[in-house]
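> Sharing a structure, written as structure tokens. Questions coming.
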Amino acid sequence: MKSHEGWLWDAPVTRICVLACVVVTATVGVCLAEESPTLEQLNAMEQRADMARQHYRRGSYADAIQIFSELTMGTHPSVNLYKNELGMCYLASGDNNSAERCFVDVATGVDRYVDQRLEREALSKFGKEEAKIYRGDPYEQATSFMLLALLFLNRGDVDNALAACKSGLLADSDATENRYDSDYALLHLIEGKCHMIRGSLDEFHSRRDLAVHSIKITSPGIRAMVSERRDVAELMNMSSAQRKKVQCTASDSDLKARLDTIDQTLAKEMSAINTDQSMGTLYSGTFNTLVIAPVGVSPIKVRKGKDGQMVAFESISVRAPAVDLTLNGTPLRDRPLGYLADIEFQATTRNGRRMDAILNGKAAFRSTTVGVGDSILQAGNNVGGGAGLAIALVGAAVQGVGGAMTPEADTRCWKTLPRQFDVYAMELPQGPHSISCQTRIYFEKSQVVTRDFNIKSPDDVAVVFLPPGLVGLYSEQTHEEMKLAARDTFGETEAVQVVIPPIMGLERVMRFRDEKNPGRADAVATDLRKAMRNVRSILGTQELTSCLVTHEDVVSHYDALAHKAPMAIQILVGDAHKKATGKEAVYHLEVSLSLIDTRRGSVLCRQDLTGECQASKAGAGTAFYDCLDAAVRQFVGSRDFTVHVHTGGQMASKQ
Amino acid sequence: MSRNSVCLAGMGLMGIVFLSGCATKPTPIPASYYQNRHEMSVKVVKCPPQAKMMDSGQGGLLGAAITASTRSGSMREQMRGIQGETVSELLRQKITTNLEDCFDIVDDKEQLAAEVVVTQWGWFVPTTVLAIKTGSYQFRINGKVTVYDVISQSKKQVGYIAALADQPLGNDPSKADTDEALIKAADDFANKVTAVILQNRPSP
């Protein structure tokens, strides 16, 4: 028998079979026992997602789609977030079918994928909220359904569009007093249009009236008053002890009187708003084309409070140049409606989220625990001796329990959403149409994006999604107002040859990555104005007159600036890396430089260069400017630049 | 005689204590400096080149050892590449931006000189005995700003403020968290110091 077994094992085929079985069993075992990703893995995913978001904001949709597609493989707590963001990338690239698949996946998958362990951990005092499954805030859920409804409507699936609208409105309807339960005007309008297509005119009118009401209560002049009304209403619901805590001394009758006064003023103000005319075909419901243009960047969630236990929204105020739209070759003069889907407003007018309350509880428990521990510790110190030491150790342990709690809030949010969706509603004749959009990157006109669509029947509604502005190209420093000294800018009527808009692609803290050791990097706090001034002085060496302009100047006064300066030098900073060999290091900065004809928006010449400099004792900070200056000098000294500056100047003088 | 000497020495000591107390009192730039537009330079004259891991100091020797080894290693890992130069430059830029409304910022031949001294920067962790962590990590910048009238004889001090800026980092700060907190702490420090330094500026 033994020899038989030995014979069997000795046979190569048997060995292979047994090993294969072991491998298969082990693999199946590992798959079955696959654990949810750790917090480190989730954080790493979020870092990859940030890269994808940057690609999206720079118009590199293929790169963004690739990263988000990788991130949406498998199931993990952030998968629904990345599917929403992938959907936005597909919409921007004009692939509506793929976008629809993403939003449908989110709509059907939110409640399907539940990891009980992660949910339990997130709710416990010691769990991390970031590990919980992302479902999205009400504004994110409502927007996902709104986009899905538009996609269904575009392909004539009215029933599903209606269902998506209802789901979106349901997701958005849990605010105080039900005052804000229906303030997503675009959802009401799409729902109304669906009813109209199905022949239910009464339903259409009721939804349209709800949309009008939503527009009124969310209109900029009314918002503050509505918000105050909500505050007063909330105070009325509080007990006297709770009111004392928030330092409110008003009595019930005072609050009631205040509420009545606000209601009266609100009614008066709302009746003065004329929505019928401003809404145009949206009011009558006769539109058959909707053009949806994303504008700006939605606010992001940040941690607040000593322990980072509170969630707050932070606005990102970066303005992109206006978009030129043409419909069938004719410039579109219609003014868009931006308040129908104001994401920033939707995000910031909600409170009392369930998860926040848990976080607050955690923070309170932690400070109490730490406080109790401190008292025991003090008692131990007072007793002294061996017993005192024991008591003190107990106190320290109790404090340690407080320290082990993890109250910091989850800041994951849908970052590829715009600040608002501009909506153009039109009534077009049946047949094929095309809409083109072109934006500017400071003075340079971007590529024209054209979307073709066909209105086949009277009930057909075409929904055209336009790509967002390229806000990711602009430097982080332009998010705040930039001040320039008088010596940097134009004189009273002075004209110059070259204008220098802010350098693009800069972050406030950027890093020179070590090529040999990617984990190591030298950080630099970049000074945008200093870099721009250096460019100006290099242009001066070529006897070119130039001046600096701010981001806001170019966005708001493009024509006036183009009149004063015929050319602009635009610089986009890319990857920064260093090569270290022993004690020596060489820094490299990839820079794309363009000379732009400001009046035509065309590129006169463009070069992609790598600025290089040897390591200096002054460090990476000096190396950054040295590399940038080297690239600018090379560009300005090139024959191409010299020829075009000359011809560009001549053309400008002829014009 | 000896009693008088003791009295005098005591009074001298009290004077030193009193004067040193005055030196640390926040002093805004006097209103007279806003009458004509002055030129001012902003320089960070001192900043530790490396980040420091700080704690509440209640952990004794053991606590100091733990903070300096394990926690300090974690901090260095997440702050890789950030040097004192990075912090100085962020502070200089933000303080310059804040002061520009009232003064012309120049590099040399200035009338007023704002000198920034950063005493400590890095992570801070609240701890108790045995270095037990009792709260979340913070990004901390600690320092002071002194404004001198360089035209006057003996470089007269016309403004002073010491400030501390803390930004929450959470319990397991990542590189991204650290970068964000660094920028926010620098902005916060700059805003705190300029709010006091410019307290006497005329209202617009």
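Scheme for the structure tokens: letters A, B, ... for chains in order shown; per-chain residue numbers from 1; ligand numbers from 1 in order shown.
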Could you name the residues that touch stretch 467-474 of chain A at 9 Å or less, counting only C-alpha atoms, but leaving out those on the same chain fewer than 2 positions away, as a PyMOL selection string?

chain A and resi 53-59+89+91-94+293-297+318-323+418+437+439-441+449+465+476-479+502-506+551+572

> Taking the backbone alone, and naming residues the way the document does, which bits of stretch 14-183 of chain B are strand (DSSP E) by DSSP, as a VMD selection string?

chain B and resid 39 to 46 54 to 55 104 to 105 112 to 125 137 to 149 156 to 170

> Please return, as an mmCIF file with N, CA and C atoms, in the first residue's frame, all residues of chain B lying within 7 Å of chain A when only C-alpha atoms are considered.


```cif
data_model
loop_
_atom_site.group_PDB
_atom_site.id
_atom_site.type_symbol
_atom_site.label_atom_id
_atom_site.label_comp_id
_atom_site.auth_asym_id
_atom_site.auth_seq_id
_atom_site.Cartn_x
_atom_site.Cartn_y
_atom_site.Cartn_z
ATOM 1 N N ARG B 80 7.359 64.271 4.290
ATOM 2 C CA ARG B 80 8.566 64.128 3.490
ATOM 3 C C ARG B 80 8.672 65.248 2.453
ATOM 4 N N GLY B 81 9.814 65.926 2.489
ATOM 5 C CA GLY B 81 10.060 66.979 1.499
ATOM 6 C C GLY B 81 9.772 68.369 2.024
ATOM 7 N N ILE B 82 8.953 68.475 3.078
ATOM 8 C CA ILE B 82 8.621 69.806 3.598
ATOM 9 C C ILE B 82 9.736 70.258 4.543
ATOM 10 N N THR B 86 10.024 75.771 3.141
ATOM 11 C CA THR B 86 8.653 75.716 2.622
ATOM 12 C C THR B 86 7.714 76.501 3.537
ATOM 13 N N GLU B 89 8.390 80.298 3.367
ATOM 14 C CA GLU B 89 7.913 80.899 2.123
ATOM 15 C C GLU B 89 6.383 81.053 2.149
ATOM 16 N N LEU B 90 5.702 80.046 2.676
ATOM 17 C CA LEU B 90 4.234 80.149 2.775
ATOM 18 C C LEU B 90 3.843 81.312 3.685
ATOM 19 N N THR B 128 -0.817 62.385 27.892
ATOM 20 C CA THR B 128 -0.836 62.352 29.350
ATOM 21 C C THR B 128 0.341 61.482 29.817
ATOM 22 N N VAL B 129 0.341 61.076 31.090
ATOM 23 C CA VAL B 129 1.467 60.276 31.593
ATOM 24 C C VAL B 129 1.634 59.029 30.743
ATOM 25 N N ILE B 132 0.446 58.696 26.706
ATOM 26 C CA ILE B 132 -0.796 58.214 26.105
ATOM 27 C C ILE B 132 -1.472 59.380 25.387
ATOM 28 N N LYS B 133 -1.810 59.133 24.150
ATOM 29 C CA LYS B 133 -2.402 60.181 23.310
ATOM 30 C C LYS B 133 -3.846 60.439 23.751
ATOM 31 N N THR B 134 -4.175 61.697 24.003
ATOM 32 C CA THR B 134 -5.532 62.003 24.486
ATOM 33 C C THR B 134 -6.335 62.841 23.505
ATOM 34 N N GLY B 135 -5.824 63.072 22.332
ATOM 35 C CA GLY B 135 -6.567 63.862 21.346
ATOM 36 C C GLY B 135 -5.968 63.689 19.976
ATOM 37 N N SER B 136 -6.559 64.382 19.006
ATOM 38 C CA SER B 136 -6.090 64.261 17.618
ATOM 39 C C SER B 136 -4.807 65.048 17.404
ATOM 40 N N PRO B 168 -6.365 70.978 12.790
ATOM 41 C CA PRO B 168 -6.568 69.553 13.085
ATOM 42 C C PRO B 168 -6.075 68.657 11.947
ATOM 43 N N GLY B 170 -6.340 65.026 12.487
ATOM 44 C CA GLY B 170 -6.984 63.723 12.651
ATOM 45 C C GLY B 170 -6.058 62.756 13.365
ATOM 46 N N ASN B 171 -6.472 61.496 13.390
ATOM 47 C CA ASN B 171 -5.702 60.490 14.132
ATOM 48 C C ASN B 171 -4.648 59.778 13.296
#
```

> Check the DSSP output for the backbone and give back, as an MDAnalysis selection string, the residues of chain B in helix (DSSP H, G or I).

chainID B and resid 2:23 31:34 60:78 84:99 129:131 175:197

> Please identify all polymer residues within 10 Å of A:Ala585, counting only C-alpha atoms, omitting same-chain residues fewer than 2 positions from it, and present them as an MDAnalysis selection string.

chainID A and resid 514 578:583 587:588 613:616

> One number please: atom CA of A:Cys194 to atom CA of A:Thr349, in Å, one decimal.

27.6 Å

> A:Thr450: which residues within 8 Å, counting only C-alpha atoms, same-chain residues fewer than 5 positions away excluded, as a ChimeraX atom specification?

/A:434-437

> Which residues, written as a ChimeraX atom specification, have at least one atom at most 12 Å from A:Glu314, with only C-alpha atoms counted and residues fewer than 3 positions away on the same chain left out?

/A:297-304,311,317,344-345,347-348,411,413,415,419,479

> Keeping N, CA and C atoms for every residue in the selection just given, could you write it to a file as a PDB file, in the first residue's frame?


```pdb
ATOM      1  N   VAL A 297     -16.866  74.757  -9.883  1.00  0.00           N
ATOM      2  CA  VAL A 297     -16.540  73.550  -9.108  1.00  0.00           C
ATOM      3  C   VAL A 297     -17.411  73.525  -7.855  1.00  0.00           C
ATOM      4  N   SER A 298     -17.969  72.357  -7.554  1.00  0.00           N
ATOM      5  CA  SER A 298     -18.852  72.257  -6.379  1.00  0.00           C
ATOM      6  C   SER A 298     -18.033  72.423  -5.092  1.00  0.00           C
ATOM      7  N   PRO A 299     -18.685  72.814  -4.008  1.00  0.00           N
ATOM      8  CA  PRO A 299     -17.936  72.940  -2.748  1.00  0.00           C
ATOM      9  C   PRO A 299     -17.464  71.573  -2.268  1.00  0.00           C
ATOM     10  N   ILE A 300     -16.383  71.568  -1.511  1.00  0.00           N
ATOM     11  CA  ILE A 300     -15.877  70.282  -0.998  1.00  0.00           C
ATOM     12  C   ILE A 300     -16.076  70.222   0.514  1.00  0.00           C
ATOM     13  N   LYS A 301     -16.064  69.002   1.029  1.00  0.00           N
ATOM     14  CA  LYS A 301     -16.238  68.827   2.471  1.00  0.00           C
ATOM     15  C   LYS A 301     -14.879  68.935   3.157  1.00  0.00           C
ATOM     16  N   VAL A 302     -14.848  69.630   4.256  1.00  0.00           N
ATOM     17  CA  VAL A 302     -13.618  69.719   5.042  1.00  0.00           C
ATOM     18  C   VAL A 302     -13.943  69.411   6.505  1.00  0.00           C
ATOM     19  N   ARG A 303     -12.895  69.021   7.239  1.00  0.00           N
ATOM     20  CA  ARG A 303     -13.088  68.728   8.662  1.00  0.00           C
ATOM     21  C   ARG A 303     -12.937  69.999   9.474  1.00  0.00           C
ATOM     22  N   LYS A 304     -13.800  70.166  10.450  1.00  0.00           N
ATOM     23  CA  LYS A 304     -13.708  71.313  11.360  1.00  0.00           C
ATOM     24  C   LYS A 304     -13.742  70.795  12.788  1.00  0.00           C
ATOM     25  N   VAL A 311     -18.232  68.253   9.885  1.00  0.00           N
ATOM     26  CA  VAL A 311     -18.111  68.410   8.434  1.00  0.00           C
ATOM     27  C   VAL A 311     -18.581  69.804   8.064  1.00  0.00           C
ATOM     28  N   SER A 317     -13.709  78.961  -5.278  1.00  0.00           N
ATOM     29  CA  SER A 317     -14.147  80.032  -6.179  1.00  0.00           C
ATOM     30  C   SER A 317     -13.132  80.247  -7.294  1.00  0.00           C
ATOM     31  N   GLU A 344     -24.114  74.142  -5.364  1.00  0.00           N
ATOM     32  CA  GLU A 344     -23.525  74.735  -4.156  1.00  0.00           C
ATOM     33  C   GLU A 344     -24.616  75.043  -3.136  1.00  0.00           C
ATOM     34  N   PHE A 345     -25.708  75.595  -3.621  1.00  0.00           N
ATOM     35  CA  PHE A 345     -26.814  75.914  -2.718  1.00  0.00           C
ATOM     36  C   PHE A 345     -27.419  74.633  -2.134  1.00  0.00           C
ATOM     37  N   ALA A 347     -25.991  71.837  -1.672  1.00  0.00           N
ATOM     38  CA  ALA A 347     -25.068  71.194  -0.728  1.00  0.00           C
ATOM     39  C   ALA A 347     -25.036  71.906   0.608  1.00  0.00           C
ATOM     40  N   THR A 348     -25.144  73.202   0.598  1.00  0.00           N
ATOM     41  CA  THR A 348     -24.915  73.965   1.824  1.00  0.00           C
ATOM     42  C   THR A 348     -26.184  74.308   2.588  1.00  0.00           C
ATOM     43  N   THR A 411     -14.923  62.969   4.750  1.00  0.00           N
ATOM     44  CA  THR A 411     -14.973  64.128   3.841  1.00  0.00           C
ATOM     45  C   THR A 411     -15.068  63.701   2.381  1.00  0.00           C
ATOM     46  N   CYS A 413     -16.623  63.250  -1.000  1.00  0.00           N
ATOM     47  CA  CYS A 413     -17.775  63.842  -1.670  1.00  0.00           C
ATOM     48  C   CYS A 413     -17.536  63.845  -3.181  1.00  0.00           C
ATOM     49  N   LYS A 415     -16.622  65.188  -6.153  1.00  0.00           N
ATOM     50  CA  LYS A 415     -15.852  66.399  -6.471  1.00  0.00           C
ATOM     51  C   LYS A 415     -15.858  66.775  -7.948  1.00  0.00           C
ATOM     52  N   ARG A 419     -20.336  73.767  -9.805  1.00  0.00           N
ATOM     53  CA  ARG A 419     -21.000  74.636  -8.825  1.00  0.00           C
ATOM     54  C   ARG A 419     -22.490  74.722  -9.164  1.00  0.00           C
ATOM     55  N   HIS A 479      -7.360  80.804  -6.927  1.00  0.00           N
ATOM     56  CA  HIS A 479      -8.640  80.609  -6.238  1.00  0.00           C
ATOM     57  C   HIS A 479      -8.921  81.789  -5.304  1.00  0.00           C
TER      58      HIS A 479
END
```

> So what do you get for atom CA of B:His38 versus atom CA of B:Val158, distance-wise?

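We find that atom CA of B:His38 and atom CA of B:Val158 lie 13.2 Å from each other.
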
> Name all residues at most 9 Å from A:Met146 (count only C-alpha atoms; drop same-chain ones fewer than 6 positions away) and give them as a VMD selection string.

chain A and resid 161 164 to 165 167 to 169 186 to 187 190

> Since we have the selection now, will you write its residues out, keeping N, CA, C and O atoms, as a tab-separated table (two decimals), in the first residue's frame?


```
chain	number	residue	atom	x	y	z
A	161	ALA	N	-37.59	58.06	-16.74
A	161	ALA	CA	-37.21	59.44	-16.41
A	161	ALA	C	-38.05	59.93	-15.24
A	161	ALA	O	-37.55	60.56	-14.30
A	164	ALA	N	-36.94	58.28	-12.04
A	164	ALA	CA	-35.68	58.87	-11.56
A	164	ALA	C	-35.94	60.22	-10.90
A	164	ALA	O	-35.35	60.54	-9.86
A	165	CYS	N	-36.86	61.01	-11.50
A	165	CYS	CA	-37.20	62.32	-10.91
A	165	CYS	C	-37.78	62.12	-9.50
A	165	CYS	O	-37.41	62.82	-8.56
A	167	SER	N	-37.39	59.64	-7.49
A	167	SER	CA	-36.35	59.18	-6.56
A	167	SER	C	-35.47	60.35	-6.14
A	167	SER	O	-35.09	60.45	-4.96
A	168	GLY	N	-35.16	61.21	-7.09
A	168	GLY	CA	-34.33	62.38	-6.79
A	168	GLY	C	-35.01	63.31	-5.80
A	168	GLY	O	-34.38	63.78	-4.83
A	169	LEU	N	-36.30	63.56	-6.02
A	169	LEU	CA	-37.04	64.45	-5.12
A	169	LEU	C	-37.16	63.84	-3.72
A	169	LEU	O	-37.10	64.53	-2.71
A	186	LEU	N	-35.02	71.87	-11.14
A	186	LEU	CA	-34.89	71.15	-12.41
A	186	LEU	C	-35.57	69.78	-12.35
A	186	LEU	O	-36.17	69.34	-13.34
A	187	LEU	N	-35.50	69.14	-11.18
A	187	LEU	CA	-36.17	67.84	-11.03
A	187	LEU	C	-37.68	67.99	-11.22
A	187	LEU	O	-38.32	67.17	-11.88
A	190	ILE	N	-38.38	68.56	-15.00
A	190	ILE	CA	-38.28	67.34	-15.83
A	190	ILE	C	-39.49	66.44	-15.57
A	190	ILE	O	-40.08	65.87	-16.48
```

> Applying 7 Å and only C-alpha atoms, which residues near stretch 44-46 of chain B remain after dropping the ones on its own chain fewer than 6 positions away? List them as a ChimeraX atom specification.

/B:88,92,115-118

> Export all heavy atoms of the chosen residues as a PDB file, in the first residue's frame?


```
ATOM      1  N   SER B  88       8.557  78.855   5.760  1.00  0.00           N
ATOM      2  CA  SER B  88       8.927  80.283   5.722  1.00  0.00           C
ATOM      3  C   SER B  88       8.306  80.964   4.513  1.00  0.00           C
ATOM      4  O   SER B  88       7.760  82.063   4.605  1.00  0.00           O
ATOM      5  CB  SER B  88      10.447  80.452   5.598  1.00  0.00           C
ATOM      6  OG  SER B  88      11.091  79.770   6.591  1.00  0.00           O
ATOM      7  N   ARG B  92       5.702  83.981   4.474  1.00  0.00           N
ATOM      8  CA  ARG B  92       6.098  85.258   3.863  1.00  0.00           C
ATOM      9  C   ARG B  92       5.056  85.693   2.824  1.00  0.00           C
ATOM     10  O   ARG B  92       4.630  86.838   2.792  1.00  0.00           O
ATOM     11  CB  ARG B  92       7.475  85.123   3.197  1.00  0.00           C
ATOM     12  CG  ARG B  92       8.058  86.437   2.693  1.00  0.00           C
ATOM     13  CD  ARG B  92       9.201  86.220   1.722  1.00  0.00           C
ATOM     14  NE  ARG B  92       8.807  85.517   0.514  1.00  0.00           N
ATOM     15  CZ  ARG B  92       8.155  86.058  -0.506  1.00  0.00           C
ATOM     16  NH1 ARG B  92       7.815  87.325  -0.471  1.00  0.00           N
ATOM     17  NH2 ARG B  92       7.819  85.347  -1.564  1.00  0.00           N
ATOM     18  N   GLU B 115       9.822  91.379  10.617  1.00  0.00           N
ATOM     19  CA  GLU B 115      10.680  90.197  10.763  1.00  0.00           C
ATOM     20  C   GLU B 115       9.898  89.080  11.444  1.00  0.00           C
ATOM     21  O   GLU B 115       9.357  89.267  12.534  1.00  0.00           O
ATOM     22  CB  GLU B 115      11.928  90.551  11.571  1.00  0.00           C
ATOM     23  CG  GLU B 115      12.828  91.511  10.810  1.00  0.00           C
ATOM     24  CD  GLU B 115      14.141  91.779  11.513  1.00  0.00           C
ATOM     25  OE1 GLU B 115      14.326  91.298  12.652  1.00  0.00           O
ATOM     26  OE2 GLU B 115      14.977  92.477  10.919  1.00  0.00           O
ATOM     27  N   VAL B 116       9.834  87.960  10.775  1.00  0.00           N
ATOM     28  CA  VAL B 116       9.064  86.823  11.285  1.00  0.00           C
ATOM     29  C   VAL B 116      10.048  85.810  11.875  1.00  0.00           C
ATOM     30  O   VAL B 116      11.042  85.468  11.229  1.00  0.00           O
ATOM     31  CB  VAL B 116       8.252  86.158  10.149  1.00  0.00           C
ATOM     32  CG1 VAL B 116       7.366  85.037  10.687  1.00  0.00           C
ATOM     33  CG2 VAL B 116       7.429  87.185   9.384  1.00  0.00           C
ATOM     34  N   VAL B 117       9.756  85.384  13.078  1.00  0.00           N
ATOM     35  CA  VAL B 117      10.570  84.333  13.702  1.00  0.00           C
ATOM     36  C   VAL B 117       9.649  83.151  13.988  1.00  0.00           C
ATOM     37  O   VAL B 117       8.646  83.300  14.704  1.00  0.00           O
ATOM     38  CB  VAL B 117      11.229  84.828  15.011  1.00  0.00           C
ATOM     39  CG1 VAL B 117      11.893  83.669  15.753  1.00  0.00           C
ATOM     40  CG2 VAL B 117      12.238  85.914  14.720  1.00  0.00           C
ATOM     41  N   VAL B 118       9.956  82.015  13.395  1.00  0.00           N
ATOM     42  CA  VAL B 118       9.171  80.807  13.685  1.00  0.00           C
ATOM     43  C   VAL B 118       9.958  80.025  14.731  1.00  0.00           C
ATOM     44  O   VAL B 118      11.105  79.643  14.490  1.00  0.00           O
ATOM     45  CB  VAL B 118       8.970  79.958  12.411  1.00  0.00           C
ATOM     46  CG1 VAL B 118       8.176  78.693  12.720  1.00  0.00           C
ATOM     47  CG2 VAL B 118       8.274  80.768  11.330  1.00  0.00           C
TER      48      VAL B 118
END
```

> Under the rule that only C-alpha atoms are counted, which of B:Ala114, B:Cys102, B:Leu164, B:Met53 is the nearest residue to B:Leu198?

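Closest residue, counting only C-alpha atoms: B:Cys102.
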